[in-house]
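Worksheet: one structure, shown below.
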Amino acid sequence: MSRPLLVAWSGGKDAAQALERLRADPAWRVAGLLTSVTVPYDRISIHGVRRSILHAQARALGLPLFEAELPVQADNATYEASFAAALAQASASEPGLDAIAFGDLFLADVRAYREALLARLGWHGVFPLWGEDTRRLAQAFIARGHRAILCCVDTRQLDATFCGRDYDAALLADLPAGCDPCGENGEFHTCVHGGPLFAQPIELARGEHVLREQRFAYVDLVDTSSTSPPR
């Protein structure tokens, strides 16, 4: 019998590939998504994607969404308390749920932190993409027909002009040497809006470009799908 688990959903490509991998694995049954949201901005934390787009993603994926709500510049204790509350909400709705999957690829310190936190909460982590070649993962994502846009770029690692570009073969070819093709070192973040996992694509328009903290370039993605509810 398959075991239920959550997927830590950033809205980006690695989370999508982790979800795709788990849905194909008979050992697991994906019971929902868990996302950290910065409440005053109504946006996915770090990625800066509108909460309304997050909800559209969950609808298109046909999965329940659990949100860990955070204030601006939340400290670690606040993050952990909100994350624990979201896990508790999810487990209350799904008997036997005590696992959550992450799209982490090779950052050992990040994985160790997650595993230690989960152990304190009586949960455990699953890492379906761990240790895989990131160039092959990037190419497979594109070949499978997934669609994503770079929603945030760390301008200390990658030029701001990459922000807002489609994550496609042309982008991979243009990435400078030393930039991980999956952005695992924080070079960029993505927003997935279509592909084989989605019941219907989310049509996104690129709005304002902004620079935060004199470092992080963001593009304001706007859902223009005809089925999108009003904000």
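Chain labels follow the order of the structure tokens: the first chain is A, the next B, and so on; residue numbering restarts at 1 in every chain, and ligands are counted from 1 in their shown order.
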Neighbour list for range 168-173 of chain A as a PDB file with all heavy atoms, in the first residue's frame, cut-off 9 Å, only C-alpha atoms, skip fewer than 5 positions in-chain:
```
ATOM      1  N   ARG A 135      22.407  19.098 -14.923  1.00  0.00           N
ATOM      2  CA  ARG A 135      22.208  19.408 -16.346  1.00  0.00           C
ATOM      3  C   ARG A 135      21.219  18.424 -16.961  1.00  0.00           C
ATOM      4  O   ARG A 135      20.339  18.818 -17.731  1.00  0.00           O
ATOM      5  CB  ARG A 135      23.538  19.381 -17.102  1.00  0.00           C
ATOM      6  CG  ARG A 135      23.380  19.680 -18.600  1.00  0.00           C
ATOM      7  CD  ARG A 135      24.650  20.189 -19.216  1.00  0.00           C
ATOM      8  NE  ARG A 135      25.064  21.460 -18.652  1.00  0.00           N
ATOM      9  CZ  ARG A 135      24.546  22.637 -19.021  1.00  0.00           C
ATOM     10  NH1 ARG A 135      23.598  22.704 -19.962  1.00  0.00           N
ATOM     11  NH2 ARG A 135      24.975  23.756 -18.466  1.00  0.00           N
ATOM     12  N   ALA A 138      17.775  19.399 -15.809  1.00  0.00           N
ATOM     13  CA  ALA A 138      17.300  20.580 -16.527  1.00  0.00           C
ATOM     14  C   ALA A 138      16.818  20.215 -17.931  1.00  0.00           C
ATOM     15  O   ALA A 138      15.742  20.646 -18.376  1.00  0.00           O
ATOM     16  CB  ALA A 138      18.415  21.627 -16.604  1.00  0.00           C
ATOM     17  N   GLN A 139      17.594  19.419 -18.613  1.00  0.00           N
ATOM     18  CA  GLN A 139      17.224  19.022 -19.972  1.00  0.00           C
ATOM     19  C   GLN A 139      15.970  18.155 -19.979  1.00  0.00           C
ATOM     20  O   GLN A 139      15.108  18.294 -20.862  1.00  0.00           O
ATOM     21  CB  GLN A 139      18.401  18.294 -20.622  1.00  0.00           C
ATOM     22  CG  GLN A 139      19.598  19.195 -20.885  1.00  0.00           C
ATOM     23  CD  GLN A 139      20.854  18.435 -21.262  1.00  0.00           C
ATOM     24  OE1 GLN A 139      20.956  17.221 -21.033  1.00  0.00           O
ATOM     25  NE2 GLN A 139      21.822  19.124 -21.840  1.00  0.00           N
ATOM     26  N   PHE A 141      13.543  18.219 -17.763  1.00  0.00           N
ATOM     27  CA  PHE A 141      12.406  19.091 -17.455  1.00  0.00           C
ATOM     28  C   PHE A 141      11.862  19.737 -18.729  1.00  0.00           C
ATOM     29  O   PHE A 141      10.652  19.733 -18.985  1.00  0.00           O
ATOM     30  CB  PHE A 141      12.853  20.161 -16.457  1.00  0.00           C
ATOM     31  CG  PHE A 141      11.799  21.154 -16.086  1.00  0.00           C
ATOM     32  CD1 PHE A 141      10.921  20.894 -15.052  1.00  0.00           C
ATOM     33  CD2 PHE A 141      11.700  22.367 -16.756  1.00  0.00           C
ATOM     34  CE1 PHE A 141       9.942  21.815 -14.686  1.00  0.00           C
ATOM     35  CE2 PHE A 141      10.736  23.298 -16.414  1.00  0.00           C
ATOM     36  CZ  PHE A 141       9.855  23.018 -15.376  1.00  0.00           C
ATOM     37  N   ILE A 142      12.752  20.250 -19.531  1.00  0.00           N
ATOM     38  CA  ILE A 142      12.347  20.909 -20.779  1.00  0.00           C
ATOM     39  C   ILE A 142      11.810  19.896 -21.779  1.00  0.00           C
ATOM     40  O   ILE A 142      10.776  20.119 -22.418  1.00  0.00           O
ATOM     41  CB  ILE A 142      13.549  21.690 -21.355  1.00  0.00           C
ATOM     42  CG1 ILE A 142      13.931  22.835 -20.408  1.00  0.00           C
ATOM     43  CG2 ILE A 142      13.238  22.222 -22.748  1.00  0.00           C
ATOM     44  CD1 ILE A 142      15.302  23.417 -20.665  1.00  0.00           C
ATOM     45  N   ARG A 147       6.746  23.932 -18.441  1.00  0.00           N
ATOM     46  CA  ARG A 147       6.948  25.344 -18.790  1.00  0.00           C
ATOM     47  C   ARG A 147       7.182  26.144 -17.521  1.00  0.00           C
ATOM     48  O   ARG A 147       6.431  26.016 -16.535  1.00  0.00           O
ATOM     49  CB  ARG A 147       5.719  25.880 -19.534  1.00  0.00           C
ATOM     50  CG  ARG A 147       5.475  25.197 -20.885  1.00  0.00           C
ATOM     51  CD  ARG A 147       4.127  25.620 -21.456  1.00  0.00           C
ATOM     52  NE  ARG A 147       4.069  27.055 -21.674  1.00  0.00           N
ATOM     53  CZ  ARG A 147       2.922  27.731 -21.846  1.00  0.00           C
ATOM     54  NH1 ARG A 147       1.761  27.086 -21.808  1.00  0.00           N
ATOM     55  NH2 ARG A 147       2.931  29.038 -22.039  1.00  0.00           N
ATOM     56  N   ALA A 148       8.228  26.960 -17.552  1.00  0.00           N
ATOM     57  CA  ALA A 148       8.562  27.760 -16.375  1.00  0.00           C
ATOM     58  C   ALA A 148       9.204  29.074 -16.819  1.00  0.00           C
ATOM     59  O   ALA A 148       9.749  29.180 -17.922  1.00  0.00           O
ATOM     60  CB  ALA A 148       9.499  26.998 -15.449  1.00  0.00           C
ATOM     61  N   ILE A 149       9.140  30.042 -15.922  1.00  0.00           N
ATOM     62  CA  ILE A 149       9.722  31.366 -16.139  1.00  0.00           C
ATOM     63  C   ILE A 149      10.639  31.685 -14.970  1.00  0.00           C
ATOM     64  O   ILE A 149      10.308  31.382 -13.811  1.00  0.00           O
ATOM     65  CB  ILE A 149       8.609  32.438 -16.242  1.00  0.00           C
ATOM     66  CG1 ILE A 149       7.746  32.207 -17.489  1.00  0.00           C
ATOM     67  CG2 ILE A 149       9.197  33.848 -16.272  1.00  0.00           C
ATOM     68  CD1 ILE A 149       6.499  33.081 -17.550  1.00  0.00           C
ATOM     69  N   PHE A 162      18.332  38.001 -17.159  1.00  0.00           N
ATOM     70  CA  PHE A 162      17.771  36.649 -17.202  1.00  0.00           C
ATOM     71  C   PHE A 162      16.414  36.580 -16.509  1.00  0.00           C
ATOM     72  O   PHE A 162      15.644  35.650 -16.771  1.00  0.00           O
ATOM     73  CB  PHE A 162      18.736  35.647 -16.554  1.00  0.00           C
ATOM     74  CG  PHE A 162      19.867  35.228 -17.433  1.00  0.00           C
ATOM     75  CD1 PHE A 162      21.034  35.978 -17.499  1.00  0.00           C
ATOM     76  CD2 PHE A 162      19.774  34.084 -18.220  1.00  0.00           C
ATOM     77  CE1 PHE A 162      22.088  35.593 -18.317  1.00  0.00           C
ATOM     78  CE2 PHE A 162      20.818  33.685 -19.040  1.00  0.00           C
ATOM     79  CZ  PHE A 162      21.978  34.444 -19.089  1.00  0.00           C
ATOM     80  N   PRO A 181      22.771  24.740 -13.834  1.00  0.00           N
ATOM     81  CA  PRO A 181      21.625  24.787 -14.750  1.00  0.00           C
ATOM     82  C   PRO A 181      20.273  24.669 -14.063  1.00  0.00           C
ATOM     83  O   PRO A 181      19.248  25.028 -14.653  1.00  0.00           O
ATOM     84  CB  PRO A 181      21.872  23.612 -15.702  1.00  0.00           C
ATOM     85  CG  PRO A 181      22.850  22.734 -15.009  1.00  0.00           C
ATOM     86  CD  PRO A 181      23.686  23.625 -14.151  1.00  0.00           C
TER      87      PRO A 181
END
```
Just list the residues in range 61-196 of chain A DSSP gives alpha helix (DSSP H) on the backbone, as a ChimeraX atom specification. /A:61,76-93,108-121,134-143,169-174
From the list A:Glu213, A:Leu61, A:Thr38, A:Cys182, which residue is nearest Ser82 in chain A when using only C-alpha atoms?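 Among the listed residues, A:Thr38 lies closest to Ser82 in chain A.
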Hey, what's within 7 Å of Lys13 in chain A if we count only C-alpha atoms and toss same-chain stuff fewer than 6 positions away? As a compact mmCIF listing (two decimals) with C-alpha atoms, in the first residue's frame, please?
```
# COMPACT_ATOMS: atom_id res chain seq x y z
CA ALA A 148 8.56 27.76 -16.38
CA THR A 190 11.40 29.70 -11.32
CA CYS A 191 7.63 29.64 -11.55
CA VAL A 192 6.07 26.62 -13.30
```
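Here the question is which of A:Leu19, A:Ala205, A:Val30, A:Leu117 gets nearest to Ser2 in chain A using only C-alpha atoms, and that residue is A:Val30.
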For Gly145 in chain A, which residue out of A:Ala84, A:Ala90, A:Ala8, A:Ala16 is the nearest one, using only C-alpha atoms? A:Ala16
Need to verify the contact set: Asp220 in chain A, 9 Å, only C-alpha atoms, exclusion of same-chain residues closer than 5 positions in sequence. Can you return it as an NGL selection string? :A and (48-50 or 151 or 164 or 205-210)
Prev. selection, N, CA, C and O atoms, output as a tab-separated table (two decimals), in the first residue's frame:
```
chain	number	residue	atom	x	y	z
A	48	GLY	N	8.83	35.17	-4.65
A	48	GLY	CA	8.13	36.42	-4.96
A	48	GLY	C	6.95	36.27	-5.90
A	48	GLY	O	6.48	37.26	-6.46
A	49	VAL	N	6.44	35.07	-6.06
A	49	VAL	CA	5.30	34.82	-6.96
A	49	VAL	C	3.99	35.07	-6.22
A	49	VAL	O	3.84	34.69	-5.05
A	50	ARG	N	3.04	35.69	-6.88
A	50	ARG	CA	1.77	36.02	-6.25
A	50	ARG	C	1.08	34.78	-5.69
A	50	ARG	O	1.09	33.72	-6.29
A	151	CYS	N	11.59	33.78	-12.21
A	151	CYS	CA	10.85	34.82	-11.49
A	151	CYS	C	11.75	35.65	-10.59
A	151	CYS	O	11.37	36.74	-10.15
A	164	GLY	N	12.72	36.86	-15.85
A	164	GLY	CA	11.58	36.95	-16.76
A	164	GLY	C	11.71	36.08	-18.00
A	164	GLY	O	10.74	35.93	-18.75
A	205	ALA	N	1.55	36.73	-17.66
A	205	ALA	CA	2.13	37.91	-18.30
A	205	ALA	C	3.22	38.46	-17.40
A	205	ALA	O	3.14	38.35	-16.17
A	206	ARG	N	4.23	39.04	-18.00
A	206	ARG	CA	5.33	39.62	-17.25
A	206	ARG	C	5.03	41.09	-16.98
A	206	ARG	O	4.85	41.87	-17.91
A	207	GLY	N	5.00	41.43	-15.69
A	207	GLY	CA	4.73	42.81	-15.30
A	207	GLY	C	5.99	43.55	-14.93
A	207	GLY	O	7.04	43.40	-15.57
A	208	GLU	N	5.91	44.31	-13.86
A	208	GLU	CA	7.01	45.16	-13.42
A	208	GLU	C	8.24	44.36	-12.99
A	208	GLU	O	8.12	43.30	-12.37
A	209	HIS	N	9.40	44.87	-13.32
A	209	HIS	CA	10.66	44.33	-12.82
A	209	HIS	C	11.15	45.21	-11.67
A	209	HIS	O	11.16	46.44	-11.80
A	210	VAL	N	11.55	44.58	-10.57
A	210	VAL	CA	12.04	45.34	-9.43
A	210	VAL	C	13.32	44.70	-8.90
A	210	VAL	O	13.56	43.50	-9.08
```
Find the spatial neighbours of Ser91 in chain A, counting only C-alpha atoms, within a cut-off of 12 Å - ignore same-chain residues fewer than 2 positions away - and output them as a PDB file with N, CA and C atoms, in the first residue's frame.
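File written: selection.pdb
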```pdb
ATOM      1  N   PRO A   4       1.129   8.086   2.225  1.00  0.00           N
ATOM      2  CA  PRO A   4       0.886   9.487   1.879  1.00  0.00           C
ATOM      3  C   PRO A   4       2.088  10.354   2.216  1.00  0.00           C
ATOM      4  N   LEU A   5       2.285  11.407   1.446  1.00  0.00           N
ATOM      5  CA  LEU A   5       3.305  12.396   1.781  1.00  0.00           C
ATOM      6  C   LEU A   5       2.931  13.727   1.177  1.00  0.00           C
ATOM      7  N   LEU A   6       3.519  14.771   1.715  1.00  0.00           N
ATOM      8  CA  LEU A   6       3.390  16.112   1.152  1.00  0.00           C
ATOM      9  C   LEU A   6       4.566  16.392   0.238  1.00  0.00           C
ATOM     10  N   ALA A  31      -0.320  13.623  -1.068  1.00  0.00           N
ATOM     11  CA  ALA A  31      -1.546  14.029  -0.383  1.00  0.00           C
ATOM     12  C   ALA A  31      -1.764  15.534  -0.384  1.00  0.00           C
ATOM     13  N   GLY A  32      -0.767  16.288  -0.817  1.00  0.00           N
ATOM     14  CA  GLY A  32      -0.924  17.733  -0.837  1.00  0.00           C
ATOM     15  C   GLY A  32       0.390  18.445  -1.015  1.00  0.00           C
ATOM     16  N   LEU A  34       2.806  21.869   0.349  1.00  0.00           N
ATOM     17  CA  LEU A  34       3.035  22.803   1.458  1.00  0.00           C
ATOM     18  C   LEU A  34       3.951  23.917   0.965  1.00  0.00           C
ATOM     19  N   PHE A  66      -1.428  23.511   1.650  1.00  0.00           N
ATOM     20  CA  PHE A  66      -1.253  23.938   3.036  1.00  0.00           C
ATOM     21  C   PHE A  66      -0.198  25.032   3.047  1.00  0.00           C
ATOM     22  N   ALA A  84       5.796  24.044  11.272  1.00  0.00           N
ATOM     23  CA  ALA A  84       5.240  22.991  12.115  1.00  0.00           C
ATOM     24  C   ALA A  84       3.715  23.058  12.153  1.00  0.00           C
ATOM     25  N   ALA A  85       3.165  24.269  12.202  1.00  0.00           N
ATOM     26  CA  ALA A  85       1.716  24.423  12.226  1.00  0.00           C
ATOM     27  C   ALA A  85       1.082  23.930  10.927  1.00  0.00           C
ATOM     28  N   ALA A  86       1.742  24.203   9.793  1.00  0.00           N
ATOM     29  CA  ALA A  86       1.219  23.744   8.509  1.00  0.00           C
ATOM     30  C   ALA A  86       1.289  22.217   8.418  1.00  0.00           C
ATOM     31  N   LEU A  87       2.367  21.625   8.922  1.00  0.00           N
ATOM     32  CA  LEU A  87       2.461  20.161   8.949  1.00  0.00           C
ATOM     33  C   LEU A  87       1.349  19.566   9.813  1.00  0.00           C
ATOM     34  N   ALA A  88       1.095  20.183  10.955  1.00  0.00           N
ATOM     35  CA  ALA A  88       0.056  19.681  11.846  1.00  0.00           C
ATOM     36  C   ALA A  88      -1.318  19.756  11.186  1.00  0.00           C
ATOM     37  N   GLN A  89      -1.571  20.845  10.470  1.00  0.00           N
ATOM     38  CA  GLN A  89      -2.841  20.983   9.756  1.00  0.00           C
ATOM     39  C   GLN A  89      -2.986  19.884   8.702  1.00  0.00           C
ATOM     40  N   SER A  93      -5.630  16.227   8.487  1.00  0.00           N
ATOM     41  CA  SER A  93      -6.552  15.930   7.389  1.00  0.00           C
ATOM     42  C   SER A  93      -6.252  14.607   6.702  1.00  0.00           C
ATOM     43  N   GLU A  94      -5.121  13.982   7.046  1.00  0.00           N
ATOM     44  CA  GLU A  94      -4.679  12.769   6.354  1.00  0.00           C
ATOM     45  C   GLU A  94      -4.046  11.802   7.354  1.00  0.00           C
ATOM     46  N   PRO A  95      -4.766  10.760   7.773  1.00  0.00           N
ATOM     47  CA  PRO A  95      -4.202   9.803   8.733  1.00  0.00           C
ATOM     48  C   PRO A  95      -2.912   9.161   8.204  1.00  0.00           C
ATOM     49  N   GLY A  96      -1.930   9.047   9.075  1.00  0.00           N
ATOM     50  CA  GLY A  96      -0.680   8.392   8.711  1.00  0.00           C
ATOM     51  C   GLY A  96       0.299   9.264   7.968  1.00  0.00           C
ATOM     52  N   LEU A  97      -0.018  10.542   7.795  1.00  0.00           N
ATOM     53  CA  LEU A  97       0.865  11.440   7.052  1.00  0.00           C
ATOM     54  C   LEU A  97       1.992  11.925   7.958  1.00  0.00           C
ATOM     55  N   ASP A  98       3.228  11.551   7.634  1.00  0.00           N
ATOM     56  CA  ASP A  98       4.377  11.987   8.431  1.00  0.00           C
ATOM     57  C   ASP A  98       5.632  12.153   7.583  1.00  0.00           C
ATOM     58  N   ALA A  99       5.453  12.366   6.271  1.00  0.00           N
ATOM     59  CA  ALA A  99       6.596  12.529   5.362  1.00  0.00           C
ATOM     60  C   ALA A  99       6.344  13.705   4.430  1.00  0.00           C
ATOM     61  N   ILE A 100       7.420  14.398   4.102  1.00  0.00           N
ATOM     62  CA  ILE A 100       7.337  15.511   3.159  1.00  0.00           C
ATOM     63  C   ILE A 100       8.550  15.459   2.243  1.00  0.00           C
ATOM     64  N   LEU A 121       9.983  17.172  14.883  1.00  0.00           N
ATOM     65  CA  LEU A 121       8.527  17.257  14.733  1.00  0.00           C
ATOM     66  C   LEU A 121       7.877  15.896  14.522  1.00  0.00           C
ATOM     67  N   GLY A 122       8.695  14.822  14.507  1.00  0.00           N
ATOM     68  CA  GLY A 122       8.149  13.483  14.304  1.00  0.00           C
ATOM     69  C   GLY A 122       7.844  13.167  12.850  1.00  0.00           C
ATOM     70  N   TRP A 123       8.457  13.914  11.929  1.00  0.00           N
ATOM     71  CA  TRP A 123       8.298  13.700  10.495  1.00  0.00           C
ATOM     72  C   TRP A 123       9.635  13.243   9.916  1.00  0.00           C
TER      73      TRP A 123
END
```
Just the residues within 12 Å of Ala217 in chain A, please, counting only C-alpha atoms, with nothing from its chain fewer than 5 positions along; format it as a ChimeraX atom specification. /A:46-48,150-164,187-189,208-212
Secondary structure check, strand (DSSP E or B) residues of range 21-199 of chain A, as a PyMOL selection string: chain A and resi 28-38+43-44+50+65-70+99-101+124-126+147-154+166+188-194
Using only C-alpha atoms, which residue out of A:Leu54, A:Leu197, A:Val7, A:Glu20 lies closest to Gly125 in chain A?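 Selected residue with least distance to Gly125 in chain A: A:Val7.
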Gap from CA of Pro40 in chain A to CA of Leu70 in chain A - Å, one decimal: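 Between these atoms lies a distance of 8.4 Å.
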